[in-house]
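These notes concern the structure reproduced below.
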Amino acid sequence: MSGGRDKGARHALALAAAVVPTRIMRVFEGFWTVPLGLGLGGVLLALSVGPMAGALGGAWIDPDGGRAALSAVAGGVMSVTGIVFSLTFVALSITAQQLSPRILDYVLRDRATQLLIGLALATFLFAAISLGLGSDEARARFAVSVPMALALAAGTLGMVVIFAHRMTRVMRSEEMISRLGDAFARAVRGLAEGPAGCTPVRLAPGARAVIEAEMGAAEVVRAGEAGYVARIDHAGLVRLAEGHDLVIALAVRENDHVLPGMPVARVLGFHPDGAAGPRDVAARIALTDRRVPAWGADYEAAALSEAALRALSPGINDPASAISCINRLAEGIAILAADGPPPEVLGDGGRVARLVLPPKRAVDFLEGAVLPVAVAGQGDYRVRGRLERLVGHLAALAADEAERAAIEGFGMRIAAREDAAFGG
């Protein structure tokens, strides 16, 4: 009985470790970190005015003038910032209809946006707190707080100008496509590094097939509820496999959607009376009710593909933007094709295969991101011609023979579809 209780306690701890970071990530998600930090800085700065005023000795400022200045700063900064954001997001919503709603994600994670919100919040909190703490008996506070508030207001207005300049650039389709393409290329390069805290294992030719054959006898771990895969603790799974002599093959990636009962992993080496079970594996695959912006290669490729599809829609009819998206997709896929597939097996300290990842190859991006654009662009000879040239070049770049054959097969499928569509 004590063994069962210990196992249940370990499972509860593992589940808590997986869920708590996901909840924290959902609270912040990168956007509020900078604004909240700057807002807290404004509060601390306001509370430190008293000691600084005491150090100035007899310096003071007229209380009525100080209150008027702080009131103007507190109200004016928030009013100007609110107007700027209102007009900006109206314009961005129109741009998002042309390219992709994901453009708003890029605007929110832009440092200029976060700094503007943070500075406006810090300036307002500093002025409001300083206004509340000031009094006729503490007139020296205003001698410090008013210049500081004016300096913060000037910095906020300067950031408004920078923000407006950056947003006018983002609203241009070529600028946004360039940002999406750069983000996709960075994410593809990151695939070669593998998950943090894990040791990639390069298998000998044919070893992956041997592992897959052995995994036929593995026990399937299924999802207990529906949701999106928010986070996979790869390092924790490797440690679990090493500690109990297991081999785990993942069937999902982050941001994949699963239904109750769907397979999320297969595990080879479980024993009926062992200390580790399917729940210990499932506890390290955290689910959430919505997608988490992980900014991975799949997410960035989907953003480019969606922008290209919108550009090819009858309502917009912008083949030039669609071709730009195809070019940037090809740039990222070319990196993967030339360098070879990223690590698909992670190991322990002895480089023993412990965790098998779902394969991610160049042809997978072609199938997932480029194929919908190819289907939508069949009616435009410019899109068709560009796709044919790019796919042919990707096949020539492929370092892996199997990858080259898969890309060539994809090109033939595209050509056959086009011939069928146009009676060729």
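FYI, nothing fancy with the structure tokens labels: chains A, B, ... in order, residues from 1 per chain, ligands from 1 as they appear.
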Could you give me, as a tab-separated table (two decimals) with N, CA and C atoms, in the first residue's frame, the residues within 12 Å of Ala405 (chain A), counting only C-alpha atoms and dropping anything in the same chain fewer than 2 positions from it?
chain	number	residue	atom	x	y	z
A	337	ALA	N	16.81	21.50	-45.57
A	337	ALA	CA	17.19	20.54	-46.61
A	337	ALA	C	18.70	20.41	-46.72
A	362	ALA	N	12.19	18.49	-44.24
A	362	ALA	CA	11.85	19.57	-45.16
A	362	ALA	C	10.54	19.29	-45.89
A	363	VAL	N	10.32	18.04	-46.28
A	363	VAL	CA	9.10	17.71	-47.01
A	363	VAL	C	7.86	17.89	-46.14
A	391	VAL	N	10.86	24.36	-55.76
A	391	VAL	CA	10.87	22.95	-55.35
A	391	VAL	C	12.01	22.21	-56.03
A	392	GLY	N	12.28	22.51	-57.30
A	392	GLY	CA	13.40	21.88	-57.97
A	392	GLY	C	14.73	22.22	-57.32
A	394	LEU	N	15.15	23.12	-54.16
A	394	LEU	CA	15.19	22.48	-52.84
A	394	LEU	C	15.63	21.03	-52.96
A	395	ALA	N	15.15	20.35	-53.99
A	395	ALA	CA	15.57	18.96	-54.20
A	395	ALA	C	17.06	18.87	-54.48
A	396	ALA	N	17.58	19.83	-55.23
A	396	ALA	CA	19.02	19.81	-55.51
A	396	ALA	C	19.85	20.11	-54.26
A	397	LEU	N	19.29	20.91	-53.33
A	397	LEU	CA	20.02	21.25	-52.11
A	397	LEU	C	20.02	20.13	-51.07
A	398	ALA	N	19.06	19.23	-51.13
A	398	ALA	CA	18.88	18.24	-50.08
A	398	ALA	C	20.13	17.39	-49.92
A	399	ALA	N	20.63	17.34	-48.69
A	399	ALA	CA	21.83	16.55	-48.40
A	399	ALA	C	21.50	15.08	-48.21
A	400	ASP	N	20.29	14.78	-47.77
A	400	ASP	CA	19.87	13.40	-47.51
A	400	ASP	C	19.16	12.85	-48.74
A	401	GLU	N	19.54	11.63	-49.16
A	401	GLU	CA	18.96	11.06	-50.38
A	401	GLU	C	17.47	10.82	-50.23
A	402	ALA	N	17.05	10.34	-49.06
A	402	ALA	CA	15.62	10.10	-48.85
A	402	ALA	C	14.86	11.42	-48.89
A	403	GLU	N	15.47	12.47	-48.33
A	403	GLU	CA	14.83	13.78	-48.36
A	403	GLU	C	14.72	14.29	-49.79
A	407	ILE	N	11.27	15.27	-51.75
A	407	ILE	CA	11.00	16.60	-52.32
A	407	ILE	C	10.69	16.48	-53.81
A	408	GLU	N	11.44	15.63	-54.51
A	408	GLU	CA	11.15	15.42	-55.93
A	408	GLU	C	9.75	14.84	-56.12
A	409	GLY	N	9.37	13.92	-55.25
A	409	GLY	CA	8.02	13.38	-55.33
A	409	GLY	C	6.96	14.44	-55.09
A	410	PHE	N	7.24	15.35	-54.16
A	410	PHE	CA	6.31	16.45	-53.91
A	410	PHE	C	6.18	17.32	-55.16
A	411	GLY	N	7.32	17.61	-55.81
A	411	GLY	CA	7.27	18.41	-57.03
A	411	GLY	C	6.46	17.75	-58.13
A	412	MET	N	6.60	16.43	-58.26
A	412	MET	CA	5.83	15.72	-59.28
A	412	MET	C	4.34	15.75	-58.97
With only C-alpha atoms as the counted atoms, please give the residues lying no more than 9 Å from region 229-237 of chain A, apart from itself and same-chain residues fewer than 2 positions off, as an MDAnalysis selection string.
chainID A and resid 18 21:22 195:198 227 239:242 248 252:258 280:281 284:292 294 346 354:355
With C-alpha atoms retained, write the just-selected residues as a short mmCIF file (atom, residue, chain, number, x, y, z; two decimals), in the first residue's frame.
data_model
loop_
_atom_site.label_atom_id
_atom_site.label_comp_id
_atom_site.auth_asym_id
_atom_site.auth_seq_id
_atom_site.Cartn_x
_atom_site.Cartn_y
_atom_site.Cartn_z
CA ALA A 18 3.91 20.36 -15.54
CA PRO A 21 4.68 26.55 -15.39
CA THR A 22 1.98 26.36 -18.06
CA PRO A 195 15.20 20.58 -26.88
CA ALA A 196 17.04 22.26 -24.01
CA GLY A 197 18.73 19.98 -21.50
CA CYS A 198 18.80 16.95 -23.83
CA GLY A 227 -6.69 20.13 -25.49
CA ARG A 239 15.42 11.32 -17.03
CA LEU A 240 12.34 9.13 -16.50
CA ALA A 241 13.41 6.80 -19.30
CA GLU A 242 16.97 6.64 -18.02
CA ILE A 248 9.71 6.62 -25.10
CA VAL A 252 2.76 14.69 -30.60
CA ARG A 253 4.55 18.00 -30.72
CA GLU A 254 3.87 21.24 -28.90
CA ASN A 255 0.67 22.97 -30.08
CA ASP A 256 -0.76 19.74 -31.52
CA HIS A 257 -4.42 19.16 -30.62
CA VAL A 258 -5.51 15.88 -29.07
CA ASP A 280 4.15 9.49 -15.21
CA VAL A 281 4.70 9.99 -18.93
CA ARG A 284 5.12 15.48 -18.46
CA ILE A 285 2.94 16.40 -21.45
CA ALA A 286 0.92 19.42 -20.31
CA LEU A 287 -2.35 20.23 -22.08
CA THR A 288 -4.21 23.53 -22.24
CA ASP A 289 -7.50 24.69 -23.71
CA ARG A 290 -5.93 26.91 -26.37
CA ARG A 291 -2.80 27.20 -28.44
CA VAL A 292 0.23 28.71 -26.78
CA ALA A 294 5.47 29.03 -28.84
CA LEU A 346 17.44 12.16 -27.59
CA ARG A 354 15.75 7.23 -24.69
CA LEU A 355 13.30 9.63 -26.36
#
Using the chain letters and numbers from this document, which residues of region 228-359 of chain A does DSSP assign to alpha helix (DSSP H), as number ranges by chain?
A: 234-243, 278-282, 297-312, 319-339
What would the file look like if the residues just selected were written as a PDB file, in the first residue's frame with C-alpha atoms?
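File produced: selection20.pdb:
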ATOM      1  CA  HIS A 234      11.663  16.540 -22.900  1.00  0.00           C
ATOM      2  CA  ALA A 235      14.427  16.588 -20.308  1.00  0.00           C
ATOM      3  CA  GLY A 236      12.081  15.107 -17.690  1.00  0.00           C
ATOM      4  CA  LEU A 237      11.046  12.343 -20.073  1.00  0.00           C
ATOM      5  CA  VAL A 238      14.691  11.507 -20.780  1.00  0.00           C
ATOM      6  CA  ARG A 239      15.416  11.317 -17.030  1.00  0.00           C
ATOM      7  CA  LEU A 240      12.342   9.134 -16.501  1.00  0.00           C
ATOM      8  CA  ALA A 241      13.409   6.805 -19.304  1.00  0.00           C
ATOM      9  CA  GLU A 242      16.974   6.642 -18.020  1.00  0.00           C
ATOM     10  CA  GLY A 243      15.927   5.953 -14.438  1.00  0.00           C
ATOM     11  CA  PRO A 278       1.762   5.698 -18.223  1.00  0.00           C
ATOM     12  CA  ARG A 279       0.560   8.434 -15.893  1.00  0.00           C
ATOM     13  CA  ASP A 280       4.152   9.493 -15.208  1.00  0.00           C
ATOM     14  CA  VAL A 281       4.703   9.986 -18.933  1.00  0.00           C
ATOM     15  CA  ALA A 282       1.377  11.771 -19.458  1.00  0.00           C
ATOM     16  CA  ALA A 297       8.977  26.564 -36.847  1.00  0.00           C
ATOM     17  CA  ASP A 298       5.516  25.088 -37.432  1.00  0.00           C
ATOM     18  CA  TYR A 299       3.841  28.238 -36.115  1.00  0.00           C
ATOM     19  CA  GLU A 300       5.945  30.554 -38.264  1.00  0.00           C
ATOM     20  CA  ALA A 301       5.458  28.407 -41.385  1.00  0.00           C
ATOM     21  CA  ALA A 302       1.697  28.410 -40.822  1.00  0.00           C
ATOM     22  CA  ALA A 303       1.751  32.214 -40.548  1.00  0.00           C
ATOM     23  CA  LEU A 304       3.499  32.560 -43.920  1.00  0.00           C
ATOM     24  CA  SER A 305       1.192  30.007 -45.512  1.00  0.00           C
ATOM     25  CA  GLU A 306      -1.890  31.779 -44.176  1.00  0.00           C
ATOM     26  CA  ALA A 307      -0.653  35.142 -45.455  1.00  0.00           C
ATOM     27  CA  ALA A 308      -0.083  33.644 -48.911  1.00  0.00           C
ATOM     28  CA  LEU A 309      -3.556  32.079 -48.964  1.00  0.00           C
ATOM     29  CA  ARG A 310      -5.174  35.382 -48.051  1.00  0.00           C
ATOM     30  CA  ALA A 311      -3.171  37.165 -50.739  1.00  0.00           C
ATOM     31  CA  LEU A 312      -4.443  34.662 -53.325  1.00  0.00           C
ATOM     32  CA  PRO A 319      -0.044  37.237 -56.281  1.00  0.00           C
ATOM     33  CA  ALA A 320       3.091  39.311 -55.625  1.00  0.00           C
ATOM     34  CA  SER A 321       2.619  39.044 -51.846  1.00  0.00           C
ATOM     35  CA  ALA A 322       1.851  35.340 -52.186  1.00  0.00           C
ATOM     36  CA  ILE A 323       5.098  34.804 -54.114  1.00  0.00           C
ATOM     37  CA  SER A 324       6.994  36.728 -51.430  1.00  0.00           C
ATOM     38  CA  CYS A 325       5.570  34.352 -48.804  1.00  0.00           C
ATOM     39  CA  ILE A 326       6.550  31.351 -50.933  1.00  0.00           C
ATOM     40  CA  ASN A 327      10.085  32.719 -51.289  1.00  0.00           C
ATOM     41  CA  ARG A 328      10.468  33.122 -47.519  1.00  0.00           C
ATOM     42  CA  LEU A 329       9.058  29.653 -46.885  1.00  0.00           C
ATOM     43  CA  ALA A 330      11.581  28.243 -49.357  1.00  0.00           C
ATOM     44  CA  GLU A 331      14.440  30.067 -47.595  1.00  0.00           C
ATOM     45  CA  GLY A 332      13.679  28.363 -44.300  1.00  0.00           C
ATOM     46  CA  ILE A 333      13.043  24.966 -45.859  1.00  0.00           C
ATOM     47  CA  ALA A 334      16.330  25.267 -47.764  1.00  0.00           C
ATOM     48  CA  ILE A 335      18.195  25.514 -44.456  1.00  0.00           C
ATOM     49  CA  LEU A 336      16.615  22.282 -43.279  1.00  0.00           C
ATOM     50  CA  ALA A 337      17.189  20.540 -46.605  1.00  0.00           C
ATOM     51  CA  ALA A 338      20.861  21.500 -46.803  1.00  0.00           C
ATOM     52  CA  ASP A 339      21.700  20.719 -43.163  1.00  0.00           C
TER      53      ASP A 339
END
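All residues of protein, DNA or RNA that reach within 9 Å of region 90-94 of chain A, judged by only C-alpha atoms and not counting those fewer than 5 positions away in the chain, are Phe85, Pro101, Ile103, Leu104, Val107, Met167, Val170 and Met171 of chain A.
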Put those residues in a file: N, CA and C atoms, as an mmCIF file, in the first residue's frame.
data_model
loop_
_atom_site.group_PDB
_atom_site.id
_atom_site.type_symbol
_atom_site.label_atom_id
_atom_site.label_comp_id
_atom_site.auth_asym_id
_atom_site.auth_seq_id
_atom_site.Cartn_x
_atom_site.Cartn_y
_atom_site.Cartn_z
ATOM 1 N N PHE A 85 -2.935 53.988 -29.322
ATOM 2 C CA PHE A 85 -3.221 52.559 -29.436
ATOM 3 C C PHE A 85 -4.551 52.318 -30.137
ATOM 4 N N PRO A 101 -4.392 37.323 -39.077
ATOM 5 C CA PRO A 101 -4.594 37.802 -37.705
ATOM 6 C C PRO A 101 -3.367 37.620 -36.827
ATOM 7 N N ILE A 103 -0.640 38.743 -37.284
ATOM 8 C CA ILE A 103 0.136 39.976 -37.258
ATOM 9 C C ILE A 103 0.019 40.660 -35.905
ATOM 10 N N LEU A 104 -1.131 40.507 -35.248
ATOM 11 C CA LEU A 104 -1.324 41.123 -33.930
ATOM 12 C C LEU A 104 -0.402 40.497 -32.905
ATOM 13 N N VAL A 107 2.896 42.192 -33.270
ATOM 14 C CA VAL A 107 2.863 43.556 -32.743
ATOM 15 C C VAL A 107 2.952 43.536 -31.223
ATOM 16 N N MET A 167 5.014 50.922 -36.373
ATOM 17 C CA MET A 167 3.725 50.382 -36.802
ATOM 18 C C MET A 167 3.423 50.716 -38.256
ATOM 19 N N VAL A 170 5.158 48.055 -40.101
ATOM 20 C CA VAL A 170 4.526 46.753 -39.978
ATOM 21 C C VAL A 170 3.279 46.659 -40.848
ATOM 22 N N MET A 171 2.588 47.779 -41.023
ATOM 23 C CA MET A 171 1.348 47.760 -41.799
ATOM 24 C C MET A 171 1.593 47.534 -43.288
#
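Residue neighbourhood of Leu40 (chain A), excluding near-sequence residues (fewer than 2 positions): Val34, Pro35, Leu36, Gly37, Leu38, Gly42, Val43, Leu44, Leu45, Ala46, Gly118, Leu121, Ala122, Leu125 and Phe126 of chain A, at 10 Å, using only C-alpha atoms.
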Write the residues of the preceding selection, restricted to C-alpha atoms, as a JSON list (two decimals), in the first residue's frame.
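Listing of selection.json after writing:
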[["chain", "number", "residue", "atom", "x", "y", "z"],
["A", 34, "VAL", "CA", 8.13, 44.27, -19.65],
["A", 35, "PRO", "CA", 5.09, 46.51, -18.91],
["A", 36, "LEU", "CA", 4.61, 45.07, -15.43],
["A", 37, "GLY", "CA", 8.32, 45.39, -14.70],
["A", 38, "LEU", "CA", 8.36, 49.03, -15.75],
["A", 42, "GLY", "CA", 7.45, 53.49, -11.40],
["A", 43, "VAL", "CA", 5.89, 52.54, -8.05],
["A", 44, "LEU", "CA", 9.29, 51.98, -6.42],
["A", 45, "LEU", "CA", 10.60, 55.24, -7.86],
["A", 46, "ALA", "CA", 7.62, 57.14, -6.41],
["A", 118, "GLY", "CA", 5.38, 49.97, -19.69],
["A", 121, "LEU", "CA", 2.06, 52.71, -16.91],
["A", 122, "ALA", "CA", 5.18, 53.66, -14.97],
["A", 125, "LEU", "CA", 1.72, 55.30, -11.40],
["A", 126, "PHE", "CA", 4.66, 57.51, -10.49]]
Mind checking DSSP for region 100-332 of chain A and telling me the strand (DSSP E) residues as a list in words?
Thr199, Pro200, Glu219, Val220, Val221, Arg222, Gly227, Tyr228, Val229, Ala230, Arg231, Ile232, Val247, Ile248, Ala249, Leu250, His257, Val258, Pro263, Val264, Ala265, Arg266, Val267, Leu268, Ile285, Ala286, Leu287 and Thr288 of chain A
Using only C-alpha atoms for the distances, tell me which of A:Glu175, A:Asp182, A:Glu193, A:Glu344 is nearest to Ala249 (chain A).
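Looking at the shortest contact to Ala249 (chain A), the residue is A:Glu344.
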Compare A:Val267, A:Ser178, A:Arg169, A:Val80 by their minimum atom-to-atom distance to Gly216 (chain A), counting only C-alpha atoms, and give me the closest one.
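Under the stated criterion, the closest residue is A:Val267.
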So what do you get for CA of Phe163 (chain A) versus CA of Arg111 (chain A), distance-wise?
9.3 Å
Skipping near chain neighbours, those fewer than 4 positions away, what residues fall within 8 Å of Val201 (chain A) using only C-alpha atoms, listed as a ChimeraX atom specification?
/A:343-347,351-353
Filtering to C-alpha atoms, could you give me those residues as a PDB file, in the first residue's frame?
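The resulting out-v4.pdb:
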ATOM      1  CA  PRO A 343      17.803  15.252 -34.222  1.00  0.00           C
ATOM      2  CA  GLU A 344      14.944  12.797 -33.915  1.00  0.00           C
ATOM      3  CA  VAL A 345      16.356  10.816 -30.995  1.00  0.00           C
ATOM      4  CA  LEU A 346      17.435  12.158 -27.593  1.00  0.00           C
ATOM      5  CA  GLY A 347      19.591  10.236 -25.170  1.00  0.00           C
ATOM      6  CA  ARG A 351      24.090   8.701 -25.442  1.00  0.00           C
ATOM      7  CA  VAL A 352      21.686   5.772 -25.224  1.00  0.00           C
ATOM      8  CA  ALA A 353      18.472   6.356 -27.194  1.00  0.00           C
TER       9      ALA A 353
END
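CA of Ala218 (chain A) sits 11.9 Å away from CA of Pro263 (chain A).
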Could you give me, as a count of residues only, the residues within 7 Å of Ala74 (chain A), counting only C-alpha atoms and dropping anything in the same chain fewer than 5 positions from it?
4
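The gap separating CA of Asp245 (chain A) from CA of Met215 (chain A) is 14.1 Å, in Å to one decimal.
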Using only C-alpha atoms, find the one residue out of A:Ala226, A:Ala416, A:Leu191, A:Ala207 that sits nearest to Gln378 (chain A).
A:Ala416
Fewer than 5 positions away in the same chain doesn't count, so skip those; otherwise give me all residues within 12 Å of His165 (chain A), counting only C-alpha atoms, as a PDB file with C-alpha atoms, in the first residue's frame.
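Listed below is the output, selection30.pdb:
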ATOM      1  CA  VAL A  84      -2.387  56.179 -30.232  1.00  0.00           C
ATOM      2  CA  THR A  88      -3.061  51.873 -34.374  1.00  0.00           C
ATOM      3  CA  ALA A 112       8.429  49.019 -28.906  1.00  0.00           C
ATOM      4  CA  THR A 113       4.857  48.053 -28.001  1.00  0.00           C
ATOM      5  CA  GLY A 158       9.375  59.819 -27.510  1.00  0.00           C
ATOM      6  CA  MET A 159       8.420  56.153 -27.410  1.00  0.00           C
ATOM      7  CA  VAL A 160       5.048  57.077 -28.963  1.00  0.00           C
ATOM      8  CA  VAL A 170       4.526  46.753 -39.978  1.00  0.00           C
ATOM      9  CA  MET A 171       1.348  47.760 -41.799  1.00  0.00           C
ATOM     10  CA  ARG A 172       3.152  47.351 -45.134  1.00  0.00           C
TER      11      ARG A 172
END
